[in-house]
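Participant: I am sharing start_39.pdb, which consists of PDB, C-alpha atoms:
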ATOM      1  CA  MET F1060     -10.643   3.788 -26.428
ATOM      2  CA  SER F1061     -10.764   1.459 -29.461
ATOM      3  CA  SER F1062     -13.666  -0.980 -29.844
ATOM      4  CA  CYS F1063     -11.122  -3.808 -29.800
ATOM      5  CA  SER F1064      -9.773  -2.682 -26.443
ATOM      6  CA  TYR F1065     -13.287  -2.209 -25.071
ATOM      7  CA  LYS F1066     -14.190  -5.800 -25.953
ATOM      8  CA  LYS F1067     -11.178  -6.935 -23.961
ATOM      9  CA  PHE F1068     -12.783  -5.608 -20.764
ATOM     10  CA  ALA F1069     -16.456  -6.119 -21.672
ATOM     11  CA  HIS F1070     -16.814  -9.031 -19.229
ATOM     12  CA  LEU F1071     -16.021  -6.628 -16.359
ATOM     13  CA  GLN F1072     -18.720  -4.096 -17.230
ATOM     14  CA  ILE F1073     -21.334  -3.785 -14.463
ATOM     15  CA  PRO F1074     -24.578  -1.932 -15.248
ATOM     16  CA  LEU F1075     -25.041   1.308 -13.338
ATOM     17  CA  GLU F1076     -28.416   0.223 -11.961
ATOM     18  CA  GLU F1077     -26.804  -2.818 -10.308
ATOM     19  CA  ILE F1078     -24.129  -0.694  -8.633
ATOM     20  CA  ALA F1079     -26.776   1.803  -7.512
ATOM     21  CA  SER F1080     -28.841  -1.039  -6.078
ATOM     22  CA  ALA F1081     -25.799  -2.545  -4.329
ATOM     23  CA  THR F1082     -24.969   0.781  -2.638
ATOM     24  CA  SER F1083     -28.582   1.793  -1.893
ATOM     25  CA  ASN F1084     -28.311   4.417  -4.627
ATOM     26  CA  PHE F1085     -24.986   5.700  -3.259
ATOM     27  CA  SER F1086     -26.653   6.484   0.058
ATOM     28  CA  GLU F1087     -25.096   8.345   2.951
ATOM     29  CA  ALA F1088     -25.435   5.171   5.040
ATOM     30  CA  ASN F1089     -23.139   3.371   2.598
ATOM     31  CA  PHE F1090     -20.651   6.227   2.275
ATOM     32  CA  ILE F1091     -17.080   5.269   3.279
ATOM     33  CA  GLU F1092     -14.850   8.195   2.419
ATOM     34  CA  ARG F1093     -14.210  11.154   0.146
ATOM     35  CA  THR F1094     -11.027  10.972  -1.915
ATOM     36  CA  GLU F1095      -9.450  13.492  -4.238
ATOM     37  CA  PHE F1096     -10.818  11.472  -7.166
ATOM     38  CA  GLY F1097     -14.343  10.788  -5.946
ATOM     39  CA  ASN F1098     -16.564   9.312  -3.272
ATOM     40  CA  ALA F1099     -16.291   5.708  -2.100
ATOM     41  CA  TYR F1100     -19.233   3.554  -1.043
ATOM     42  CA  LYS F1101     -19.632   0.068   0.349
ATOM     43  CA  GLY F1102     -22.287  -2.346  -0.826
ATOM     44  CA  GLN F1103     -23.246  -5.900  -1.600
ATOM     45  CA  LEU F1104     -23.374  -6.945  -5.235
ATOM     46  CA  LEU F1105     -24.849 -10.146  -6.643
ATOM     47  CA  TRP F1106     -22.351 -11.009  -9.337
ATOM     48  CA  SER F1107     -21.599 -14.350 -11.007
ATOM     49  CA  GLU F1108     -24.145 -15.967  -8.682
ATOM     50  CA  GLN F1109     -22.263 -14.779  -5.609
ATOM     51  CA  VAL F1110     -22.935 -11.984  -3.139
ATOM     52  CA  ILE F1111     -19.767  -9.873  -2.961
ATOM     53  CA  ASP F1112     -18.909  -7.080  -0.521
ATOM     54  CA  ILE F1113     -17.763  -4.233  -2.743
ATOM     55  CA  PHE F1114     -15.923  -0.918  -2.599
ATOM     56  CA  ALA F1115     -17.445   1.345  -5.236
ATOM     57  CA  HIS F1116     -15.290   4.330  -6.194
ATOM     58  CA  ARG F1117     -17.551   6.851  -7.915
ATOM     59  CA  LEU F1118     -15.223   9.181  -9.767
ATOM     60  CA  TYR F1119     -15.701  12.940  -9.948
ATOM     61  CA  ARG F1120     -16.141  13.974 -13.548
ATOM     62  CA  ALA F1121     -13.883  17.009 -13.011
ATOM     63  CA  ASN F1122     -11.049  14.901 -11.628
ATOM     64  CA  TRP F1123     -10.552  12.280 -14.309
ATOM     65  CA  GLN F1124      -8.871  13.415 -17.466
ATOM     66  CA  GLY F1125     -11.094  11.925 -20.136
ATOM     67  CA  ASP F1126     -11.345   8.237 -20.916
ATOM     68  CA  THR F1127      -7.602   7.655 -21.116
ATOM     69  CA  ASP F1128      -6.884   7.750 -17.376
ATOM     70  CA  PHE F1129      -9.990   5.724 -16.546
ATOM     71  CA  TRP F1130      -9.150   2.933 -18.957
ATOM     72  CA  LYS F1131      -5.504   2.982 -17.979
ATOM     73  CA  GLN F1132      -6.489   2.242 -14.405
ATOM     74  CA  ILE F1133      -8.872  -0.532 -15.458
ATOM     75  CA  SER F1134      -6.235  -2.179 -17.656
ATOM     76  CA  THR F1135      -3.622  -1.877 -14.889
ATOM     77  CA  LEU F1136      -5.855  -3.409 -12.210
ATOM     78  CA  CYS F1137      -6.826  -6.225 -14.585
ATOM     79  CA  CYS F1138      -3.192  -7.267 -14.807
ATOM     80  CA  LEU F1139      -2.547  -7.298 -11.055
ATOM     81  CA  LYS F1140      -3.159 -10.727  -9.537
ATOM     82  CA  HIS F1141      -1.366 -11.024  -6.212
ATOM     83  CA  GLU F1142      -2.343 -11.747  -2.629
ATOM     84  CA  ASN F1143      -1.177  -8.280  -1.570
ATOM     85  CA  MET F1144      -3.038  -6.376  -4.291
ATOM     86  CA  VAL F1145      -6.586  -5.053  -4.240
ATOM     87  CA  SER F1146      -8.941  -7.245  -6.315
ATOM     88  CA  LEU F1147     -10.778  -5.642  -9.229
ATOM     89  CA  ILE F1148     -14.360  -6.859  -9.598
ATOM     90  CA  GLY F1149     -15.467  -4.625 -12.434
ATOM     91  CA  PHE F1150     -16.358  -1.138 -13.591
ATOM     92  CA  CYS F1151     -19.185   1.019 -14.835
ATOM     93  CA  ASP F1152     -18.765   3.314 -17.831
ATOM     94  CA  ASP F1153     -22.127   4.935 -18.434
ATOM     95  CA  GLY F1154     -21.700   8.378 -19.958
ATOM     96  CA  ALA F1155     -20.591  10.768 -17.240
ATOM     97  CA  GLU F1156     -20.954   8.024 -14.628
ATOM     98  CA  LYS F1157     -17.685   6.185 -14.084
ATOM     99  CA  ASN F1158     -17.182   3.718 -11.247
ATOM    100  CA  ILE F1159     -14.376   1.354 -10.352
ATOM    101  CA  ILE F1160     -15.506  -1.614  -8.265
ATOM    102  CA  THR F1161     -13.062  -3.546  -6.094
ATOM    103  CA  LYS F1162     -13.436  -6.056  -3.296
ATOM    104  CA  LEU F1163     -14.193  -4.447   0.064
ATOM    105  CA  GLU F1164     -11.516  -5.203   2.659
ATOM    106  CA  VAL F1165     -13.297  -5.351   6.011
ATOM    107  CA  ASN F1166     -10.686  -3.582   8.145
ATOM    108  CA  GLY F1167     -10.396  -0.597   5.832
ATOM    109  CA  SER F1168      -7.179   1.351   5.364
ATOM    110  CA  LEU F1169      -4.018   1.288   7.453
ATOM    111  CA  ASP F1170      -4.175   4.987   8.360
ATOM    112  CA  LYS F1171      -7.214   4.310  10.573
ATOM    113  CA  PHE F1172      -5.167   1.985  12.816
ATOM    114  CA  LEU F1173      -1.830   3.763  13.275
ATOM    115  CA  ARG F1174      -2.633   4.698  16.869
ATOM    116  CA  GLU F1175      -4.682   1.600  17.676
ATOM    117  CA  PRO F1176      -3.379  -1.042  20.126
ATOM    118  CA  THR F1177      -5.289  -3.591  18.014
ATOM    119  CA  LEU F1178      -2.422  -3.261  15.566
ATOM    120  CA  THR F1179       0.266  -5.118  17.508
ATOM    121  CA  LEU F1180       3.905  -4.814  16.568
ATOM    122  CA  MET F1181       3.853  -8.227  14.879
ATOM    123  CA  ARG F1182       0.873  -7.212  12.797
ATOM    124  CA  ARG F1183       2.555  -3.953  11.871
ATOM    125  CA  LEU F1184       5.726  -5.691  10.752
ATOM    126  CA  GLN F1185       3.773  -8.234   8.705
ATOM    127  CA  ILE F1186       1.828  -5.424   6.995
ATOM    128  CA  CYS F1187       5.129  -3.754   6.041
ATOM    129  CA  VAL F1188       6.407  -7.036   4.588
ATOM    130  CA  ASP F1189       3.148  -7.418   2.634
ATOM    131  CA  VAL F1190       3.435  -3.931   1.127
ATOM    132  CA  ALA F1191       7.065  -4.527   0.147
ATOM    133  CA  HIS F1192       6.021  -7.754  -1.595
ATOM    134  CA  ALA F1193       3.265  -5.858  -3.425
ATOM    135  CA  LEU F1194       5.756  -3.280  -4.696
ATOM    136  CA  SER F1195       8.222  -5.955  -5.775
ATOM    137  CA  TYR F1196       5.380  -7.549  -7.724
ATOM    138  CA  ILE F1197       4.329  -4.391  -9.582
ATOM    139  CA  TYR F1198       7.965  -3.597 -10.430
ATOM    140  CA  TYR F1199       9.279  -6.985 -11.493
ATOM    141  CA  CYS F1200       6.496  -9.472 -12.293
ATOM    142  CA  LYS F1201       7.786 -11.552 -15.234
ATOM    143  CA  GLY F1202       4.299 -12.134 -16.595
ATOM    144  CA  ARG F1203       3.964  -8.528 -17.801
ATOM    145  CA  ASP F1204       5.837  -6.528 -20.404
ATOM    146  CA  PHE F1205       5.555  -3.379 -18.307
ATOM    147  CA  SER F1206       6.599  -2.198 -14.863
ATOM    148  CA  ILE F1207       4.522   0.106 -12.665
ATOM    149  CA  ILE F1208       5.539   3.124 -10.595
ATOM    150  CA  HIS F1209       2.750   3.623  -8.073
ATOM    151  CA  ARG F1210       3.438   7.313  -7.167
ATOM    152  CA  ASP F1211       0.963   7.485  -4.270
ATOM    153  CA  ILE F1212       2.113   5.020  -1.614
ATOM    154  CA  LYS F1213       0.623   6.061   1.725
ATOM    155  CA  SER F1214      -1.145   4.462   4.654
ATOM    156  CA  SER F1215      -4.575   5.230   3.161
ATOM    157  CA  THR F1216      -3.787   3.286  -0.049
ATOM    158  CA  ILE F1217      -2.975   0.182   1.979
ATOM    159  CA  LEU F1218      -6.101  -1.832   2.780
ATOM    160  CA  LEU F1219      -6.378  -4.544   5.433
ATOM    161  CA  ASP F1220      -8.508  -7.657   5.120
ATOM    162  CA  GLY F1221     -10.106  -9.607   7.960
ATOM    163  CA  HIS F1222      -6.796 -11.320   8.737
ATOM    164  CA  TRP F1223      -4.836  -8.022   8.616
ATOM    165  CA  LYS F1224      -3.199  -8.939   5.323
ATOM    166  CA  ALA F1225      -2.248  -5.787   3.426
ATOM    167  CA  LYS F1226      -3.674  -5.046  -0.031
ATOM    168  CA  LEU F1227      -2.182  -2.225  -2.093
ATOM    169  CA  CYS F1228      -4.620   0.026  -3.973
ATOM    170  CA  GLY F1229      -4.732   3.618  -5.280
ATOM    171  CA  PHE F1230      -3.375   3.357  -8.836
ATOM    172  CA  HIS F1231      -4.998   6.585 -10.070
ATOM    173  CA  VAL F1232      -1.702   8.346 -10.772
ATOM    174  CA  SER F1233       0.509   5.328 -11.458
ATOM    175  CA  ILE F1234       2.844   5.187 -14.450
ATOM    176  CA  ASN F1235       3.416   2.135 -16.623
ATOM    177  CA  GLN F1236       6.761   1.857 -18.368
ATOM    178  CA  LYS F1237       8.232  -0.842 -20.565
ATOM    179  CA  ALA F1238       9.839  -3.571 -18.488
ATOM    180  CA  TYR F1239      13.262  -3.049 -20.050
ATOM    181  CA  ARG F1240      13.136   0.615 -18.976
ATOM    182  CA  ARG F1241      12.192  -0.100 -15.353
ATOM    183  CA  HIS F1242      15.503   1.154 -13.973
ATOM    184  CA  ARG F1243      15.376   4.460 -15.853
ATOM    185  CA  LEU F1244      13.965   7.747 -14.685
ATOM    186  CA  CYS F1245      10.570   8.734 -16.014
ATOM    187  CA  LEU F1246      10.128  12.436 -16.696
ATOM    188  CA  ASP F1247       6.845  13.549 -15.231
ATOM    189  CA  SER F1248       5.534  16.209 -12.914
ATOM    190  CA  ALA F1249       5.631  15.271  -9.259
ATOM    191  CA  CYS F1250       2.401  14.064  -7.738
ATOM    192  CA  GLY F1251       1.330  12.235  -4.645
ATOM    193  CA  THR F1252       0.462  13.371  -1.154
ATOM    194  CA  VAL F1253       2.170  15.894   1.102
ATOM    195  CA  GLY F1254       4.321  14.125   3.648
ATOM    196  CA  TYR F1255       4.818  11.043   1.475
ATOM    197  CA  CYS F1256       6.042  12.483  -1.817
ATOM    198  CA  ASP F1257       9.714  12.023  -2.694
ATOM    199  CA  PRO F1258      11.302  15.510  -2.401
ATOM    200  CA  THR F1259      13.793  14.599  -5.122
ATOM    201  CA  SER F1260      10.919  14.062  -7.564
ATOM    202  CA  ILE F1261       9.561  17.511  -6.768
ATOM    203  CA  LEU F1262      12.923  19.140  -7.469
ATOM    204  CA  SER F1263      13.893  17.094 -10.536
ATOM    205  CA  GLY F1264      10.550  16.561 -12.269
ATOM    206  CA  SER F1265      11.308  12.865 -12.623
ATOM    207  CA  VAL F1266      10.152   9.697 -10.875
ATOM    208  CA  SER F1267      11.361   6.123 -10.541
ATOM    209  CA  HIS F1268      10.780   3.084  -8.373
ATOM    210  CA  LYS F1269      13.052   4.754  -5.829
ATOM    211  CA  SER F1270      10.408   7.496  -5.525
ATOM    212  CA  ASP F1271       8.007   4.825  -4.279
ATOM    213  CA  VAL F1272      10.734   3.565  -1.946
ATOM    214  CA  TYR F1273      10.823   6.985  -0.271
ATOM    215  CA  SER F1274       7.037   6.918   0.178
ATOM    216  CA  LEU F1275       7.268   3.397   1.576
ATOM    217  CA  GLY F1276       9.835   4.707   4.062
ATOM    218  CA  VAL F1277       7.282   7.253   5.265
ATOM    219  CA  VAL F1278       4.715   4.477   5.778
ATOM    220  CA  LEU F1279       7.318   2.499   7.731
ATOM    221  CA  VAL F1280       7.872   5.401  10.129
ATOM    222  CA  GLU F1281       4.117   5.852  10.538
ATOM    223  CA  VAL F1282       3.790   2.185  11.461
ATOM    224  CA  LEU F1283       6.785   2.294  13.794
ATOM    225  CA  CYS F1284       5.882   5.522  15.589
ATOM    226  CA  GLY F1285       2.096   5.219  15.572
ATOM    227  CA  LYS F1286       1.886   8.736  14.095
ATOM    228  CA  LYS F1287       0.690  10.170  10.799
ATOM    229  CA  ALA F1288       3.029  11.492   8.124
ATOM    230  CA  VAL F1289       2.044  15.118   8.719
ATOM    231  CA  MET F1290       1.783  15.860  12.419
ATOM    232  CA  ALA F1291      -0.547  18.538  13.726
ATOM    233  CA  GLU F1292       1.421  19.080  16.935
ATOM    234  CA  GLY F1293       2.785  22.627  17.131
ATOM    235  CA  ASN F1294       3.968  23.699  13.717
ATOM    236  CA  SER F1295       2.959  21.216  11.027
ATOM    237  CA  ARG F1296       5.975  18.993  10.757
ATOM    238  CA  LEU F1297       6.791  16.083   8.474
ATOM    239  CA  LEU F1298       7.282  12.886  10.438
ATOM    240  CA  ALA F1299       9.885  11.591   7.964
ATOM    241  CA  LEU F1300      12.229  14.531   8.584
ATOM    242  CA  LEU F1301      11.789  14.240  12.333
ATOM    243  CA  VAL F1302      12.569  10.523  12.258
ATOM    244  CA  LYS F1303      15.697  11.061  10.162
ATOM    245  CA  SER F1304      17.099  13.628  12.594
ATOM    246  CA  HIS F1305      16.284  11.493  15.646
ATOM    247  CA  TYR F1306      17.831   8.422  14.024
ATOM    248  CA  GLU F1307      21.059  10.301  13.332
ATOM    249  CA  LEU F1308      21.162  11.458  16.972
ATOM    250  CA  GLY F1309      20.463   7.941  18.267
ATOM    251  CA  LYS F1310      17.169   9.097  19.805
ATOM    252  CA  LEU F1311      14.611   7.435  17.542
ATOM    253  CA  ASP F1312      13.058   5.574  20.467
ATOM    254  CA  ASP F1313      11.788   8.953  21.754
ATOM    255  CA  LEU F1314       9.301   9.071  18.863
ATOM    256  CA  ILE F1315       7.966   5.534  19.144
ATOM    257  CA  ASP F1316       4.622   4.792  20.722
ATOM    258  CA  PRO F1317       5.431   3.576  24.279
ATOM    259  CA  ASP F1318       3.151   0.527  23.950
ATOM    260  CA  LEU F1319       4.953  -0.505  20.759
ATOM    261  CA  TRP F1320       8.350   0.134  22.328
ATOM    262  CA  LYS F1321       7.507  -2.284  25.144
ATOM    263  CA  GLN F1322       6.917  -5.037  22.574
ATOM    264  CA  MET F1323      10.065  -4.307  20.581
ATOM    265  CA  ASP F1324      12.888  -6.783  20.038
ATOM    266  CA  PRO F1325      16.192  -4.808  19.938
ATOM    267  CA  GLN F1326      17.518  -6.635  16.865
ATOM    268  CA  SER F1327      14.218  -6.252  15.024
ATOM    269  CA  PHE F1328      14.208  -2.535  15.852
ATOM    270  CA  LYS F1329      17.767  -2.137  14.609
ATOM    271  CA  ILE F1330      17.018  -3.791  11.252
ATOM    272  CA  PHE F1331      13.682  -2.043  10.768
ATOM    273  CA  SER F1332      14.863   1.443  11.737
ATOM    274  CA  GLN F1333      18.006   1.222   9.603
ATOM    275  CA  THR F1334      15.985   0.065   6.584
ATOM    276  CA  THR F1335      13.524   2.902   7.101
ATOM    277  CA  TYR F1336      16.305   5.483   7.381
ATOM    278  CA  TYR F1337      17.881   4.417   4.086
ATOM    279  CA  CYS F1338      14.496   4.458   2.319
ATOM    280  CA  LEU F1339      14.300   8.151   3.271
ATOM    281  CA  LYS F1340      17.729   9.085   1.930
ATOM    282  CA  GLU F1341      17.687  12.264  -0.138
ATOM    283  CA  GLN F1342      19.730  10.757  -2.968
ATOM    284  CA  ARG F1343      17.860   8.020  -4.804
ATOM    285  CA  SER F1344      21.048   6.049  -5.424
ATOM    286  CA  GLN F1345      21.459   5.603  -1.651
ATOM    287  CA  ARG F1346      18.005   4.115  -1.207
ATOM    288  CA  PRO F1347      17.749   0.314  -1.202
ATOM    289  CA  SER F1348      16.006  -1.659  -3.933
ATOM    290  CA  ILE F1349      12.614  -3.098  -3.109
ATOM    291  CA  ASP F1350      13.999  -6.635  -3.022
ATOM    292  CA  GLN F1351      16.640  -5.571  -0.507
ATOM    293  CA  ILE F1352      13.841  -4.043   1.560
ATOM    294  CA  VAL F1353      11.834  -7.277   1.432
ATOM    295  CA  ILE F1354      14.804  -9.237   2.794
ATOM    296  CA  LYS F1355      15.459  -6.752   5.607
ATOM    297  CA  LEU F1356      11.815  -6.465   6.665
ATOM    298  CA  GLU F1357      11.411 -10.237   6.696
ATOM    299  CA  LYS F1358      14.467 -10.465   8.959
ATOM    300  CA  ALA F1359      12.984  -7.838  11.279
ATOM    301  CA  LEU F1360       9.708  -9.774  11.408
ATOM    302  CA  GLU F1361      11.455 -13.078  12.062
ATOM    303  CA  SER F1362      13.562 -11.561  14.835
ATOM    304  CA  GLN F1363      10.456 -10.109  16.468
ATOM    305  CA  TRP F1364       8.683 -13.468  16.208
ATOM    306  CA  LYS F1365      11.566 -15.215  17.975
ATOM    307  CA  HIS F1366      11.496 -12.535  20.657
ATOM    308  CA  GLU F1367       7.798 -13.101  21.319
ATOM    309  CA  ASN F1368       7.895 -16.895  20.988
ATOM    310  CA  PRO F1369      11.134 -18.090  22.682
ATOM    311  CA  VAL F1370       9.713 -21.434  23.834
ATOM    312  CA  ARG F1371       8.036 -22.339  20.562
ATOM    313  CA  GLU F1372      11.119 -21.215  18.651
ATOM    314  CA  PHE F1373      13.188 -23.762  20.577
ATOM    315  CA  PHE F1374      11.105 -26.593  19.093
ATOM    316  CA  VAL F1375      11.033 -25.266  15.528
ATOM    317  CA  SER F1376      13.410 -27.223  13.317
ATOM    318  CA  SER F1377      16.061 -25.337  11.377
ATOM    319  CA  SER F1378      14.388 -26.382   8.135
ATOM    320  CA  HIS F1379      11.069 -24.815   9.104
ATOM    321  CA  SER F1380      10.816 -21.053   9.181
ATOM    322  CA  PRO F1381       9.432 -19.636  12.427
ATOM    323  CA  LEU F1382       7.748 -16.990  10.332
ATOM    324  CA  CYS F1383       5.785 -19.663   8.451
ATOM    325  CA  HIS F1384       4.894 -21.272  11.776
ATOM    326  CA  TYR F1385       3.728 -17.926  13.109
ATOM    327  CA  THR F1386       1.633 -17.255  10.062
ATOM    328  CA  SER F1387      -0.020 -20.655  10.216
ATOM    329  CA  GLN F1388      -1.053 -19.964  13.808
ATOM    330  CA  GLY F1389      -2.686 -16.669  12.814
ATOM    331  CA  TYR F1390      -2.471 -13.437  14.754
TER     332      TYR F1390
END
Using structure tokens, write down the structure from this file.
Facilitator:
Amino acid sequence: MSSCSYKKFAHLQIPLEEIASATSNFSEANFIERTEFGNAYKGQLLWSEQVIDIFAHRLYRANWQGDTDFWKQISTLCCLKHENMVSLIGFCDDGAEKNIITKLEVNGSLDKFLREPTLTLMRRLQICVDVAHALSYIYYCKGRDFSIIHRDIKSSTILLDGHWKAKLCGFHVSINQKAYRRHRLCLDSACGTVGYCDPTSILSGSVSHKSDVYSLGVVLVEVLCGKKAVMAEGNSRLLALLVKSHYELGKLDDLIDPDLWKQMDPQSFKIFSQTTYYCLKEQRSQRPSIDQIVIKLEKALESQWKHENPVREFFVSSSHSPLCHYTSQGY
């Protein structure tokens, strides 16, 4: 990395001893999870005269490909300022020790809650809307001269704050391309996680925003069914393929968690399930754009809100969105 580029991020550099102190020297008590790129720890960091709850990702030396990938991730996260994006606090670059420090989201990742009744249907739908907004932002934000393909959308790269607002993270394998090329295929080897990865990318050796759309579709079925992308029941089966076949047979409700099904508004289910099905289409050209997905998911959420709040909906004026009213009331 050039000295000029390093100066650009110098204000984000956090000394290793401060990160070690914040995480009790990366203690087992502060350990959160092991990822393919390194271990993650929680901690409390005194930074800019504030005590901040942090998520410290301590990267494995063997799993980062020199400085280029590390700095690419730092520069990408620096550019992402959105309510549905993880917040970068800083980094440590101290010889072999490389850490990326982000804000700790108290509810952790979505994958921990797929089977939990705490995650009501309304919360699930709102999380899906949040993630779609995050993807629209990384693809189309006018304030940047580049567009981002995430390449690892999954329920474990979606964090939830104390109000269940979704925050997208996990940009380790993302690709940045010039904004004017955002609708073109990018030739690159397929990567991602089994069960979420776009099968077309694996076969063609190319990725695009529509590859992320497929992965988003897998997350949508996880949220809808209360099951993980790769199911351990019987032979290991991919949930996405099972959902597609059940949808085509008109039997998708057989796969949905019974408690969620009891909460379901029929119109919301119709919109949500159809959107999910088209996200999982084999041909990329048949998958919807992210902005089309945002519109559909917001309609599904609004329909569900009306279903759960028929009396309050009656008093909501036509100029005031029931969704906004719902959000202002909290969950």
Participant: Written as an NGL selection string, what is the full residue list that the PyMOL selection byres ((chain F and resi 1188-1199) around 6) yields on the file shown?
Facilitator: :F and (1143 or 1185-1187 or 1200 or 1206-1207 or 1225 or 1349 or 1353 or 1356)
Participant: I'd like the residues picked by the PyMOL selection byres ((chain F and resi 1359) around 8) written out as a ChimeraX atom specification, using the chain letters and numbers from the file.
Facilitator: /F:1184,1326-1328,1330-1331,1355-1358,1360-1363
Participant: Rounded to one decimal in Å, what is the spacing between CA of Ser1270 in chain F and CA of Leu1311 in chain F?
Facilitator: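 It comes out at 23.4 Å.
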Participant: Translate the PyMOL selection byres ((chain F and resi 1165) around 9) into a concrete residue list for this structure, as a PyMOL selection string.
Facilitator: chain F and resi 1112+1163-1164+1166-1167+1218-1221
Participant: Using only C-alpha atoms, which residues sit within 10 Å of Tyr1273 in chain F once same-chain residues fewer than 6 positions away are excluded, as a list in words?
Facilitator: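 Residues meeting the cut-off are Ile1212, Tyr1255, Cys1256, Asp1257, Pro1258, Thr1259, Leu1279, Ala1299, Thr1335, Tyr1336, Tyr1337, Cys1338, Leu1339, Lys1340, Glu1341, Arg1343, Arg1346 and Pro1347 of chain F.
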Participant: Take CA of Arg1240 in chain F and CA of Phe1205 in chain F and report the distance between them in Å, one decimal.
Facilitator: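 So the two atoms, CA of Arg1240 in chain F and CA of Phe1205 in chain F, lie 8.6 Å apart.
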Participant: What does the distance between CA of Asp1204 in chain F and CA of Phe1068 in chain F come to in Å, to one decimal place?
Facilitator: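 Between CA of Asp1204 in chain F and CA of Phe1068 in chain F the gap works out to 18.6 Å.
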Participant: Considering all atoms listed in the file, state which residue in the set F:Ile1352, F:Ala1115, F:Met1181, F:Leu1147 is at the smallest distance from Cys1228 in chain F.
Facilitator: F:Leu1147
Participant: My list of candidates is F:Lys1101, F:Arg1183, F:Leu1169, F:Ile1261. Which is closest to Ala1088 in chain F when distances are computed with only C-alpha atoms?
Facilitator: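 Closest to Ala1088 in chain F of all the choices is F:Lys1101.
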Participant: Which residue is closest to Gly1264 in chain F? Choose from F:Val1282, F:Asp1247, F:Thr1252, F:Phe1230 and count all atoms listed in the file.
Facilitator: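 Nearest candidate to Gly1264 in chain F out of F:Val1282, F:Asp1247, F:Thr1252, F:Phe1230: F:Asp1247.
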Participant: Smallest atom-to-atom distance to Trp1320 in chain F: which of F:Leu1300, F:Lys1269, F:Leu1118, F:Leu1180, using all atoms listed in the file?
Facilitator: F:Leu1180
Participant: Of the residues F:Ile1073, F:Leu1262, F:Val1370, F:Arg1117, which is the one nearest to Thr1094 in chain F, using all atoms listed in the file?
Facilitator: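 The answer is F:Arg1117, which sits nearest to Thr1094 in chain F.
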Participant: Which residue gives the smallest distance to Gln1351 in chain F among F:Met1323, F:Ala1155, F:Val1272, F:Ile1133, with all atoms listed in the file counted?
Facilitator: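 Nearest to Gln1351 in chain F: F:Val1272.
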